[in-house]
file upload.cif (mmCIF, C-alpha atoms)
data_data
#
loop_
_atom_site.group_PDB
_atom_site.id
_atom_site.type_symbol
_atom_site.label_atom_id
_atom_site.label_comp_id
_atom_site.auth_asym_id
_atom_site.auth_seq_id
_atom_site.Cartn_x
_atom_site.Cartn_y
_atom_site.Cartn_z
ATOM 1 C CA MET U 144 95.567 48.731 103.158
ATOM 2 C CA LYS U 145 94.042 49.412 106.567
ATOM 3 C CA LYS U 146 93.154 52.995 105.557
ATOM 4 C CA ILE U 147 91.422 51.762 102.386
ATOM 5 C CA ALA U 148 89.374 49.231 104.380
ATOM 6 C CA VAL U 149 88.304 51.922 106.891
ATOM 7 C CA PHE U 150 87.427 54.292 104.027
ATOM 8 C CA LEU U 151 85.281 51.652 102.257
ATOM 9 C CA LEU U 152 83.557 50.697 105.517
ATOM 10 C CA SER U 153 82.821 54.384 106.168
ATOM 11 C CA LEU U 154 81.316 54.782 102.683
ATOM 12 C CA LEU U 155 79.134 51.725 103.253
ATOM 13 C CA LEU U 156 77.917 53.091 106.589
ATOM 14 C CA VAL U 157 77.162 56.562 105.177
ATOM 15 C CA SER U 158 75.331 55.137 102.146
ATOM 16 C CA SER U 159 73.179 52.944 104.404
ATOM 17 C CA LEU U 160 72.121 56.044 106.344
ATOM 18 C CA TYR U 161 70.866 57.722 103.168
ATOM 19 C CA GLY U 162 68.694 54.837 101.990
ATOM 20 C CA ARG U 163 68.499 51.869 99.688
ATOM 21 C CA ASP U 164 70.266 51.417 96.378
ATOM 22 C CA ARG U 165 67.580 52.433 93.887
ATOM 23 C CA LYS U 166 68.888 53.768 90.600
ATOM 24 C CA ASP U 167 66.134 54.523 88.072
ATOM 25 C CA GLU U 168 62.535 55.733 88.233
ATOM 26 C CA PHE U 169 59.879 56.137 85.555
ATOM 27 C CA ALA U 170 56.789 58.139 86.575
ATOM 28 C CA LEU U 171 53.369 59.187 85.295
ATOM 29 C CA THR U 172 52.213 62.530 86.725
ATOM 30 C CA TYR U 173 49.084 64.658 86.985
ATOM 31 C CA SER U 174 49.250 68.267 88.235
ATOM 32 C CA GLN U 175 46.942 71.179 88.939
ATOM 33 C CA LEU U 176 47.315 74.911 89.654
ATOM 34 C CA THR U 177 49.970 75.481 86.978
ATOM 35 C CA VAL U 178 51.400 78.762 85.687
ATOM 36 C CA PRO U 179 49.549 78.359 82.318
ATOM 37 C CA GLN U 180 46.265 77.861 84.206
ATOM 38 C CA PHE U 181 46.803 81.067 86.181
ATOM 39 C CA ALA U 182 47.746 82.934 82.975
ATOM 40 C CA TYR U 183 44.637 81.597 81.218
ATOM 41 C CA ILE U 184 42.301 82.684 84.020
ATOM 42 C CA PHE U 185 44.071 86.037 84.431
ATOM 43 C CA GLY U 186 43.805 86.685 80.661
ATOM 44 C CA GLY U 187 40.081 86.011 80.730
ATOM 45 C CA VAL U 188 39.546 88.282 83.737
ATOM 46 C CA LEU U 189 41.550 91.076 82.056
ATOM 47 C CA GLY U 190 39.488 90.616 78.878
ATOM 48 C CA VAL U 191 36.285 91.156 80.864
ATOM 49 C CA ALA U 192 37.756 94.125 82.781
ATOM 50 C CA PHE U 193 39.258 95.990 79.795
ATOM 51 C CA THR U 194 36.095 95.657 77.684
ATOM 52 C CA ALA U 195 33.912 96.919 80.529
ATOM 53 C CA GLY U 196 32.029 93.632 80.582
ATOM 54 C CA HIS U 197 31.452 93.421 76.798
ATOM 55 C CA PHE U 198 33.629 90.290 76.609
ATOM 56 C CA ASP U 199 32.884 87.200 78.643
ATOM 57 C CA PHE U 200 34.048 83.599 78.755
ATOM 58 C CA GLU U 201 32.067 80.641 80.061
ATOM 59 C CA ASN U 202 32.360 76.881 80.501
ATOM 60 C CA PRO U 203 36.110 76.716 81.041
ATOM 61 C CA ILE U 204 37.685 73.261 80.759
ATOM 62 C CA MET U 205 41.192 72.667 82.080
ATOM 63 C CA THR U 206 42.696 69.213 81.636
ATOM 64 C CA GLY U 207 45.442 69.697 84.193
ATOM 65 C CA CYS U 208 49.046 68.915 83.426
ATOM 66 C CA LEU U 209 49.763 65.336 82.303
ATOM 67 C CA GLY U 210 53.331 64.126 82.033
ATOM 68 C CA VAL U 211 55.984 61.449 82.125
ATOM 69 C CA GLU U 212 59.266 61.662 84.020
ATOM 70 C CA TYR U 213 62.493 59.711 84.235
ATOM 71 C CA ASN U 214 65.055 60.028 87.030
ATOM 72 C CA HIS U 215 68.429 58.355 87.587
ATOM 73 C CA TRP U 216 69.981 58.460 91.055
ATOM 74 C CA VAL U 217 73.750 58.957 90.839
ATOM 75 C CA ASN U 218 74.155 58.260 94.544
ATOM 76 C CA ASN U 219 71.886 58.156 97.592
ATOM 77 C CA TRP U 220 71.213 61.900 97.648
ATOM 78 C CA PHE U 221 71.501 63.261 94.056
ATOM 79 C CA GLY U 222 69.615 62.349 90.892
ATOM 80 C CA TYR U 223 68.991 63.803 87.438
ATOM 81 C CA GLY U 224 66.481 63.178 84.689
ATOM 82 C CA GLY U 225 63.806 64.876 82.684
ATOM 83 C CA SER U 226 60.098 65.593 82.311
ATOM 84 C CA VAL U 227 57.801 65.864 79.301
ATOM 85 C CA PHE U 228 54.351 67.265 80.025
ATOM 86 C CA GLY U 229 51.462 69.233 78.598
ATOM 87 C CA GLU U 230 47.985 70.563 79.236
ATOM 88 C CA TYR U 231 45.025 72.072 77.392
ATOM 89 C CA MET U 232 42.463 74.712 78.349
ATOM 90 C CA THR U 233 39.399 75.991 76.533
ATOM 91 C CA ALA U 234 36.322 78.177 77.134
ATOM 92 C CA ASN U 235 33.495 79.659 75.075
ATOM 93 C CA THR U 236 33.868 83.393 74.391
ATOM 94 C CA TYR U 237 30.972 85.818 74.121
ATOM 95 C CA SER U 238 30.527 89.483 73.387
ATOM 96 C CA LYS U 239 27.727 91.423 75.066
ATOM 97 C CA ASP U 240 25.861 94.382 73.697
ATOM 98 C CA SER U 241 24.566 97.251 75.832
ATOM 99 C CA ASP U 242 21.288 95.385 76.463
ATOM 100 C CA GLY U 243 23.154 92.350 77.849
ATOM 101 C CA ASN U 244 22.496 90.070 74.854
ATOM 102 C CA LYS U 245 25.281 87.551 74.290
ATOM 103 C CA THR U 246 26.768 86.618 70.927
ATOM 104 C CA LYS U 247 29.106 83.650 70.788
ATOM 105 C CA ASN U 248 32.463 84.584 69.234
ATOM 106 C CA GLY U 249 34.139 81.194 69.383
ATOM 107 C CA THR U 250 36.501 79.559 71.825
ATOM 108 C CA TYR U 251 39.454 80.749 73.831
ATOM 109 C CA ASP U 252 41.970 77.880 73.527
ATOM 110 C CA LEU U 253 45.404 77.431 75.059
ATOM 111 C CA GLY U 254 47.608 74.363 74.895
ATOM 112 C CA PHE U 255 51.016 74.093 76.459
ATOM 113 C CA ALA U 256 53.770 71.456 76.204
ATOM 114 C CA SER U 257 57.229 71.362 77.735
ATOM 115 C CA ILE U 258 60.409 69.334 77.975
ATOM 116 C CA MET U 259 62.469 69.995 81.058
ATOM 117 C CA PRO U 260 65.706 68.531 82.492
ATOM 118 C CA THR U 261 65.451 68.058 86.261
ATOM 119 C CA VAL U 262 67.646 67.446 89.287
ATOM 120 C CA ARG U 263 66.541 65.898 92.578
ATOM 121 C CA PHE U 264 67.990 66.009 96.066
ATOM 122 C CA ARG U 265 66.930 63.190 98.383
ATOM 123 C CA TRP U 266 66.347 63.956 102.059
ATOM 124 C CA PHE U 267 65.880 60.318 103.068
ATOM 125 C CA ASP U 268 64.560 57.061 101.639
ATOM 126 C CA ASN U 269 63.074 54.502 104.003
ATOM 127 C CA PRO U 270 61.571 51.206 102.794
ATOM 128 C CA HIS U 271 58.019 52.629 102.515
ATOM 129 C CA PHE U 272 58.432 56.420 102.627
ATOM 130 C CA GLY U 273 60.936 58.929 101.271
ATOM 131 C CA MET U 274 61.302 62.685 100.769
ATOM 132 C CA TYR U 275 63.184 64.750 98.186
ATOM 133 C CA SER U 276 63.258 68.142 96.441
ATOM 134 C CA LYS U 277 63.116 68.741 92.673
ATOM 135 C CA LEU U 278 64.321 71.582 90.400
ATOM 136 C CA GLY U 279 63.810 71.807 86.656
ATOM 137 C CA ALA U 280 64.228 74.278 83.787
ATOM 138 C CA GLY U 281 63.652 73.813 80.082
ATOM 139 C CA LEU U 282 61.745 74.769 76.944
ATOM 140 C CA GLY U 283 57.999 75.161 76.650
ATOM 141 C CA LEU U 284 55.712 75.734 73.673
ATOM 142 C CA ALA U 285 52.420 77.592 73.736
ATOM 143 C CA LEU U 286 50.395 75.499 71.292
ATOM 144 C CA SER U 287 48.020 78.191 70.085
ATOM 145 C CA GLY U 288 48.588 80.283 67.009
ATOM 146 C CA ASP U 289 52.230 80.232 65.955
ATOM 147 C CA CYS U 290 53.612 77.937 68.736
ATOM 148 C CA GLN U 291 55.720 80.472 70.594
ATOM 149 C CA PRO U 292 58.664 78.973 72.548
ATOM 150 C CA THR U 293 58.916 80.008 76.169
ATOM 151 C CA PHE U 294 60.916 79.277 79.307
ATOM 152 C CA SER U 295 59.610 76.435 81.477
ATOM 153 C CA ALA U 296 60.605 75.848 85.103
ATOM 154 C CA GLN U 297 59.485 74.013 88.225
ATOM 155 C CA ILE U 298 60.615 74.334 91.836
ATOM 156 C CA SER U 299 59.237 71.629 94.142
ATOM 157 C CA PRO U 300 60.891 71.913 97.575
ATOM 158 C CA VAL U 301 58.680 69.360 99.349
ATOM 159 C CA CYS U 302 58.190 66.015 97.612
ATOM 160 C CA MET U 303 57.348 62.638 99.095
ATOM 161 C CA ASP U 304 56.895 59.113 97.821
ATOM 162 C CA PHE U 305 55.263 56.166 99.541
ATOM 163 C CA GLY U 306 54.643 52.508 98.851
ATOM 164 C CA GLY U 307 56.745 49.455 98.142
ATOM 165 C CA ASP U 308 60.182 48.721 96.733
ATOM 166 C CA SER U 309 59.241 48.678 93.053
ATOM 167 C CA VAL U 310 56.073 50.821 92.773
ATOM 168 C CA ARG U 311 55.380 54.004 94.703
ATOM 169 C CA GLY U 312 52.892 56.825 94.694
ATOM 170 C CA PHE U 313 54.131 60.371 95.137
ATOM 171 C CA LEU U 314 53.016 63.893 96.009
ATOM 172 C CA GLU U 315 55.038 66.990 95.062
ATOM 173 C CA LEU U 316 54.360 70.527 96.297
ATOM 174 C CA GLY U 317 55.934 73.442 94.458
ATOM 175 C CA VAL U 318 55.425 76.173 91.921
ATOM 176 C CA GLY U 319 55.910 76.371 88.172
ATOM 177 C CA MET U 320 54.752 74.884 84.906
ATOM 178 C CA GLN U 321 53.989 71.514 86.526
ATOM 179 C CA GLY U 322 51.794 73.123 89.153
ATOM 180 C CA ILE U 323 51.487 73.610 92.867
ATOM 181 C CA VAL U 324 50.295 70.031 93.450
ATOM 182 C CA SER U 325 51.530 67.009 91.470
ATOM 183 C CA LEU U 326 50.416 63.433 92.057
ATOM 184 C CA GLY U 327 51.507 60.278 90.373
ATOM 185 C CA ILE U 328 52.855 56.781 90.370
ATOM 186 C CA LYS U 329 56.407 55.661 89.692
ATOM 187 C CA LYS U 330 58.103 52.391 88.813
ATOM 188 C CA ILE U 331 61.486 51.900 90.439
ATOM 189 C CA PHE U 332 64.081 49.631 88.844
#
call {"tool": "encode", "arguments": {"input": "upload.cif", "output": "structure tokens"}}
result
Amino acid sequence: MKKIAVFLLSLLLVSSLYGRDRKDEFALTYSQLTVPQFAYIFGGVLGVAFTAGHFDFENPIMTGCLGVEYNHWVNNWFGYGGSVFGEYMTANTYSKDSDGNKTKNGTYDLGFASIMPTVRFRWFDNPHFGMYSKLGAGLGLALSGDCQPTFSAQISPVCMDFGGDSVRGFLELGVGMQGIVSLGIKKIF
């Protein structure tokens, strides 16, 4: 009985070092500098280069990546959940003749949506500030033409949240389909 009491007291002490007992989070996210954005820009640049300047695109609009996330913390350092997100990009396309006259061809559109299971590893969680890392991999769809499925992934090694006990803002730095920089707000319950 004494060993069980010492074991339970040790677990309580260790769990208090890792942070408070928060179990579930629901978040709204906005991200920039995503893999689809880089592919979109790179495709446009290659189009200009391979046509020797006879193709051009102007007035690009990139919505950024909008998404929702859910996370459940199993214990004070490990959580799992999922993300659903998407973004849209468009630009006007032109062809140029040898005299430099432009003729509008249409638009260069690219939409992308993804669903991705995620895992999180918490570094620490203080009452008003915490840090964690996030990994995710899943299925994406390029929403132009015939909706080609593709692999979707995100690696965010440095993530932080700040605020109160039930609502927090967050900033995530990483690379992947959700971007290099993600901002958002989360409800903790």
call {"tool": "atom_distance", "arguments": {"input": "upload.cif", "atom1": "CA of Gly307 (chain U)", "atom2": "CA of Phe272 (chain U)"}}
result
8.5 Å
call {"tool": "resolve_selection", "arguments": {"input": "upload.cif", "expression": "the PyMOL selection byres ((chain U and resi 246-256) around 10)", "output": "JSON, numbers by chain"}}
result
{"U": [179, 180, 182, 183, 187, 198, 199, 200, 201, 202, 203, 204, 205, 206, 208, 209, 210, 227, 228, 229, 230, 231, 232, 233, 234, 235, 236, 237, 238, 239, 240, 243, 244, 245, 257, 258, 282, 283, 284, 285, 286, 287, 288, 290, 291, 292, 293, 295, 320]}
call {"tool": "write_last_selection", "arguments": {"input": "upload.cif", "atoms": "C-alpha atoms", "output": "PDB file, keeping the file's coordinate frame"}}
result
ATOM      1  CA  PRO U 179      49.549  78.359  82.318  1.00  0.00           C
ATOM      2  CA  GLN U 180      46.265  77.861  84.206  1.00  0.00           C
ATOM      3  CA  ALA U 182      47.746  82.934  82.975  1.00  0.00           C
ATOM      4  CA  TYR U 183      44.637  81.597  81.218  1.00  0.00           C
ATOM      5  CA  GLY U 187      40.081  86.011  80.730  1.00  0.00           C
ATOM      6  CA  PHE U 198      33.629  90.290  76.609  1.00  0.00           C
ATOM      7  CA  ASP U 199      32.884  87.200  78.643  1.00  0.00           C
ATOM      8  CA  PHE U 200      34.048  83.599  78.755  1.00  0.00           C
ATOM      9  CA  GLU U 201      32.067  80.641  80.061  1.00  0.00           C
ATOM     10  CA  ASN U 202      32.360  76.881  80.501  1.00  0.00           C
ATOM     11  CA  PRO U 203      36.110  76.716  81.041  1.00  0.00           C
ATOM     12  CA  ILE U 204      37.685  73.261  80.759  1.00  0.00           C
ATOM     13  CA  MET U 205      41.192  72.667  82.080  1.00  0.00           C
ATOM     14  CA  THR U 206      42.696  69.213  81.636  1.00  0.00           C
ATOM     15  CA  CYS U 208      49.046  68.915  83.426  1.00  0.00           C
ATOM     16  CA  LEU U 209      49.763  65.336  82.303  1.00  0.00           C
ATOM     17  CA  GLY U 210      53.331  64.126  82.033  1.00  0.00           C
ATOM     18  CA  VAL U 227      57.801  65.864  79.301  1.00  0.00           C
ATOM     19  CA  PHE U 228      54.351  67.265  80.025  1.00  0.00           C
ATOM     20  CA  GLY U 229      51.462  69.233  78.598  1.00  0.00           C
ATOM     21  CA  GLU U 230      47.985  70.563  79.236  1.00  0.00           C
ATOM     22  CA  TYR U 231      45.025  72.072  77.392  1.00  0.00           C
ATOM     23  CA  MET U 232      42.463  74.712  78.349  1.00  0.00           C
ATOM     24  CA  THR U 233      39.399  75.991  76.533  1.00  0.00           C
ATOM     25  CA  ALA U 234      36.322  78.177  77.134  1.00  0.00           C
ATOM     26  CA  ASN U 235      33.495  79.659  75.075  1.00  0.00           C
ATOM     27  CA  THR U 236      33.868  83.393  74.391  1.00  0.00           C
ATOM     28  CA  TYR U 237      30.972  85.818  74.121  1.00  0.00           C
ATOM     29  CA  SER U 238      30.527  89.483  73.387  1.00  0.00           C
ATOM     30  CA  LYS U 239      27.727  91.423  75.066  1.00  0.00           C
ATOM     31  CA  ASP U 240      25.861  94.382  73.697  1.00  0.00           C
ATOM     32  CA  GLY U 243      23.154  92.350  77.849  1.00  0.00           C
ATOM     33  CA  ASN U 244      22.496  90.070  74.854  1.00  0.00           C
ATOM     34  CA  LYS U 245      25.281  87.551  74.290  1.00  0.00           C
ATOM     35  CA  SER U 257      57.229  71.362  77.735  1.00  0.00           C
ATOM     36  CA  ILE U 258      60.409  69.334  77.975  1.00  0.00           C
ATOM     37  CA  LEU U 282      61.745  74.769  76.944  1.00  0.00           C
ATOM     38  CA  GLY U 283      57.999  75.161  76.650  1.00  0.00           C
ATOM     39  CA  LEU U 284      55.712  75.734  73.673  1.00  0.00           C
ATOM     40  CA  ALA U 285      52.420  77.592  73.736  1.00  0.00           C
ATOM     41  CA  LEU U 286      50.395  75.499  71.292  1.00  0.00           C
ATOM     42  CA  SER U 287      48.020  78.191  70.085  1.00  0.00           C
ATOM     43  CA  GLY U 288      48.588  80.283  67.009  1.00  0.00           C
ATOM     44  CA  CYS U 290      53.612  77.937  68.736  1.00  0.00           C
ATOM     45  CA  GLN U 291      55.720  80.472  70.594  1.00  0.00           C
ATOM     46  CA  PRO U 292      58.664  78.973  72.548  1.00  0.00           C
ATOM     47  CA  THR U 293      58.916  80.008  76.169  1.00  0.00           C
ATOM     48  CA  SER U 295      59.610  76.435  81.477  1.00  0.00           C
ATOM     49  CA  MET U 320      54.752  74.884  84.906  1.00  0.00           C
TER      50      MET U 320
END
call {"tool": "resolve_selection", "arguments": {"input": "upload.cif", "expression": "the PyMOL selection byres ((chain U and resi 173) around 8)", "output": "VMD selection string"}}
result
chain U and resid 171 to 172 174 to 175 207 to 210 325 to 327
call {"tool": "resolve_selection", "arguments": {"input": "upload.cif", "expression": "the PyMOL selection byres ((chain U and resi 305) around 6)", "output": "PDB file with C-alpha atoms, in the coordinates of the input"}}
result
ATOM      1  CA  HIS U 271      58.019  52.629 102.515  1.00  0.00           C
ATOM      2  CA  PHE U 272      58.432  56.420 102.627  1.00  0.00           C
ATOM      3  CA  ASP U 304      56.895  59.113  97.821  1.00  0.00           C
ATOM      4  CA  GLY U 306      54.643  52.508  98.851  1.00  0.00           C
ATOM      5  CA  ARG U 311      55.380  54.004  94.703  1.00  0.00           C
ATOM      6  CA  GLY U 312      52.892  56.825  94.694  1.00  0.00           C
TER       7      GLY U 312
END
call {"tool": "closest_residue", "arguments": {"input": "upload.cif", "among": "U:Asp289, U:Asp308, U:Glu315, U:Asp167", "to": "Phe221 (chain U)", "atoms": "all atoms listed in the file"}}
result
U:Asp167
call {"tool": "atom_distance", "arguments": {"input": "upload.cif", "atom1": "CA of Gly279 (chain U)", "atom2": "CA of Ser226 (chain U)"}}
result
8.4 Å
call {"tool": "decode", "arguments": {"input": "upload.cif", "residues": "region 286-298 of chain U", "atoms": "all heavy atoms", "output": "tab-separated table (two decimals), in the first residue's frame"}}
result
chain	number	residue	atom	x	y	z
U	286	LEU	N	-7.95	21.50	-56.23
U	286	LEU	CA	-9.32	21.73	-56.69
U	286	LEU	C	-9.38	22.47	-58.02
U	286	LEU	O	-10.19	23.36	-58.21
U	286	LEU	CB	-10.08	22.53	-55.62
U	286	LEU	CG	-10.12	21.87	-54.25
U	286	LEU	CD1	-10.78	22.79	-53.24
U	286	LEU	CD2	-10.84	20.54	-54.32
U	287	SER	N	-8.54	22.10	-58.94
U	287	SER	CA	-8.61	22.67	-60.29
U	287	SER	C	-8.58	21.51	-61.28
U	287	SER	O	-7.84	20.54	-61.09
U	287	SER	CB	-7.43	23.61	-60.52
U	287	SER	OG	-6.22	22.96	-60.29
U	288	GLY	N	-9.41	21.58	-62.25
U	288	GLY	CA	-9.47	20.50	-63.24
U	288	GLY	C	-10.15	19.28	-62.67
U	288	GLY	O	-11.30	19.31	-62.27
U	289	ASP	N	-9.42	18.17	-62.60
U	289	ASP	CA	-10.02	16.90	-62.20
U	289	ASP	C	-9.79	16.53	-60.73
U	289	ASP	O	-9.88	15.36	-60.37
U	289	ASP	CB	-9.51	15.78	-63.11
U	289	ASP	CG	-7.99	15.72	-63.14
U	289	ASP	OD1	-7.34	16.58	-62.53
U	289	ASP	OD2	-7.46	14.79	-63.77
U	290	CYS	N	-9.51	17.49	-59.86
U	290	CYS	CA	-9.37	17.28	-58.41
U	290	CYS	C	-8.40	16.14	-58.08
U	290	CYS	O	-8.78	15.12	-57.52
U	290	CYS	CB	-10.72	17.03	-57.76
U	290	CYS	SG	-11.78	18.45	-57.76
U	291	GLN	N	-7.17	16.32	-58.42
U	291	GLN	CA	-6.15	15.30	-58.17
U	291	GLN	C	-5.83	15.18	-56.68
U	291	GLN	O	-5.52	16.16	-56.02
U	291	GLN	CB	-4.86	15.68	-58.91
U	291	GLN	CG	-4.96	15.58	-60.40
U	291	GLN	CD	-5.13	14.15	-60.84
U	291	GLN	OE1	-4.50	13.24	-60.33
U	291	GLN	NE2	-6.00	13.94	-61.81
U	292	PRO	N	-5.89	13.95	-56.11
U	292	PRO	CA	-5.47	13.77	-54.71
U	292	PRO	C	-3.95	13.86	-54.60
U	292	PRO	O	-3.22	13.51	-55.52
U	292	PRO	CB	-5.97	12.37	-54.36
U	292	PRO	CG	-6.14	11.68	-55.66
U	292	PRO	CD	-6.40	12.73	-56.69
U	293	THR	N	-3.49	14.35	-53.47
U	293	THR	CA	-2.07	14.50	-53.25
U	293	THR	C	-1.76	14.30	-51.76
U	293	THR	O	-2.66	14.32	-50.94
U	293	THR	CB	-1.58	15.88	-53.74
U	293	THR	OG1	-0.16	15.95	-53.59
U	293	THR	CG2	-2.23	17.01	-52.97
U	294	PHE	N	-0.52	14.14	-51.44
U	294	PHE	CA	-0.07	14.00	-50.07
U	294	PHE	C	-0.03	15.38	-49.42
U	294	PHE	O	0.38	16.36	-50.04
U	294	PHE	CB	1.32	13.35	-50.04
U	294	PHE	CG	1.89	13.19	-48.68
U	294	PHE	CD1	1.36	12.27	-47.79
U	294	PHE	CD2	2.97	13.96	-48.27
U	294	PHE	CE1	1.90	12.10	-46.52
U	294	PHE	CE2	3.52	13.81	-47.01
U	294	PHE	CZ	2.98	12.88	-46.13
U	295	SER	N	-0.44	15.47	-48.18
U	295	SER	CA	-0.43	16.73	-47.44
U	295	SER	C	0.29	16.51	-46.12
U	295	SER	O	0.02	15.53	-45.42
U	295	SER	CB	-1.88	17.16	-47.20
U	295	SER	OG	-1.93	18.36	-46.49
U	296	ALA	N	1.21	17.40	-45.77
U	296	ALA	CA	1.96	17.26	-44.52
U	296	ALA	C	2.31	18.62	-43.95
U	296	ALA	O	2.36	19.62	-44.68
U	296	ALA	CB	3.23	16.45	-44.75
U	297	GLN	N	2.56	18.65	-42.66
U	297	GLN	CA	2.98	19.86	-41.96
U	297	GLN	C	3.91	19.47	-40.83
U	297	GLN	O	3.61	18.56	-40.06
U	297	GLN	CB	1.79	20.63	-41.42
U	297	GLN	CG	2.13	21.88	-40.65
U	297	GLN	CD	2.67	23.00	-41.53
U	297	GLN	OE1	2.36	23.07	-42.72
U	297	GLN	NE2	3.46	23.89	-40.96
U	298	ILE	N	5.04	20.15	-40.73
U	298	ILE	CA	5.97	20.00	-39.62
U	298	ILE	C	6.14	21.38	-39.00
U	298	ILE	O	6.63	22.29	-39.66
U	298	ILE	CB	7.33	19.45	-40.09
U	298	ILE	CG1	7.17	18.09	-40.75
U	298	ILE	CG2	8.32	19.39	-38.93
U	298	ILE	CD1	8.41	17.59	-41.45
